[in-house]
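So the structure is just underneath, and the comments pick up after that.
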Amino acid sequence: MHSFTEENYIKAIYKLSGGSKDGVNTNAIADAMDTKAASVTDMLRKLSAKGLVDYVKYKGVSLTETGERVALQVIRKHRLWEVFLVEKLKFNWDEVHEVAEELEHVNSELLTRRLDEFLGHPQFDPHGDPIPSENGELKLKPQKLLAEMEVHDAGIVVGVNDSQPLFLQYLDKMGIFLGAKVKVLDKIPYDSSLEINIENKKNLIVSSEVARNIFLSA
C-alpha cells in the first residue's frame with residue numbers, strides 16, 4: 001500500500017521520464033509537484049527505501065521495475081475513471097481530470113477489474129491516451145502532431161498533448177473532437193498557423209500552438 005502523495009510522485013517521475021531510463025532531475029519533479037526541491041529529496045529517500053526508485057544524488061532519479069508497475073497501475077485507474085466519468089456520468093472531457101486524480105488512489109484491484117469489465121475493456125481514455133492493461137502493457141497508436149502534417153495530408157484526431165480545461169474547451173468551441181477527420185488545406189509561413197478542414201464541413205485557421213497539441217492518426 002502506498003500513500004496518496006507517494007503515488008503522485010511515482011506517476012510524476014514516470015511521466016517526466018517519457019519512457020526513458022535516464023534519471024529525472026529533482027528540480028523538474030519539484031516543478032511538476034509544485035513543491036520545494038528539499039521536499040522532493042526527502043520523498044525520494046522514502047521511495048528509494050521502499051525499492052520504488054533508484055536515486056543517485058546529482059544524477060537524478062529513475063523508477064525501479066516495481067516503481068514502474070505502480071505508476072502504470074495508477075495511470076490505468078486514472079484513465080479508466082475518466083472513461084467512466086465521460087461515458088456513464090456525462091462529464092465533459094475538460095472536467096474529468098481533477099475528479100479522476102482523486103479516484104485513481106482507490107486501492108482495490110477488484111474494483112479496477114470490475115470497472116474495466118463494465119466499460120468493455122477500453123484501450124484509450126477520453127483524451128486519446130492509452131490505458132495500461134492489467135499487466136501494465138500500453139497499446140500505442142501511430143500518431144503525428146497536426147503541426148508536423150503537410151498540405152493535403154489528412155488524419156483522424158486520436159489525442160491531445162494538452163489536457164488543460166481551457167484548451168479542451170477551445171477545441172469543443174472549434175468543433176474539434178476525438179475521431180474527427182482533419183485535412184490540412186494550407187500552412188501559413190508567416191506564423192506557421194494552419195488552415196484545416198473538419199469533417200468535410202468547415203474550414204478553420206488554427207495557431208501553431210494549437211497544432212502542436214493535437215495528435216492525428218499517422
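As shown in the C-alpha cells, the chain order sets the letters A, B, ...; within each chain, residues go from 1, and ligands are also counted from 1 in the order they appear.
The list of residues with at least one atom within 12 Å of Glu98 of chain A, based on only C-alpha atoms and without residues fewer than 5 positions apart in the same chain, reads A:His78, A:Arg79, A:Trp81, A:Glu82, A:Leu85, A:Phe91, A:Trp93, A:Leu103, A:Glu104, A:Ser163, A:Gln164, A:Pro165.
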What parts of segment 9-129 of chain A does DSSP call strand (DSSP E)? I'd like the answer as JSON, numbers by chain.
{"A": [53, 54, 55, 56, 60, 61, 62, 63]}
How would the residues just picked look written out with C-alpha atoms as a PDB file, in the first residue's frame?
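selection.pdb written:
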ATOM      1  CA  VAL A  53      13.080   4.401  -7.273  1.00  0.00           C
ATOM      2  CA  ASP A  54      16.803   4.435  -7.916  1.00  0.00           C
ATOM      3  CA  TYR A  55      18.085   7.769  -6.635  1.00  0.00           C
ATOM      4  CA  VAL A  56      21.657   8.910  -7.242  1.00  0.00           C
ATOM      5  CA  GLY A  60      18.555  12.233 -10.766  1.00  0.00           C
ATOM      6  CA  VAL A  61      16.011   9.520 -10.178  1.00  0.00           C
ATOM      7  CA  SER A  62      14.527   6.660 -12.190  1.00  0.00           C
ATOM      8  CA  LEU A  63      11.795   4.184 -11.359  1.00  0.00           C
TER       9      LEU A  63
END
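Shortest atom-to-atom contact with Phe167 of chain A among A:Arg212, A:Lys181, A:Ile205, A:Met149: A:Arg212, counting only C-alpha atoms.
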Can you tell me, as a ChimeraX atom specification, what residues are no more than 12 Å from Glu148 of chain A when counting only C-alpha atoms, ignoring any on the same chain fewer than 4 positions away?
/A:143-144,153-155,184,187,192-194,208-218
For atom CA of Val83 of chain A and atom CA of Asp116 of chain A, quote the distance in Å rounded to one decimal.
9.6 Å
Closest of A:Phe4, A:Tyr9, A:Tyr58, A:Phe84 to Val96 of chain A - atom-to-atom distances counting only C-alpha atoms
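When distances to Val96 of chain A are compared using only C-alpha atoms, the smallest one comes from A:Phe84.
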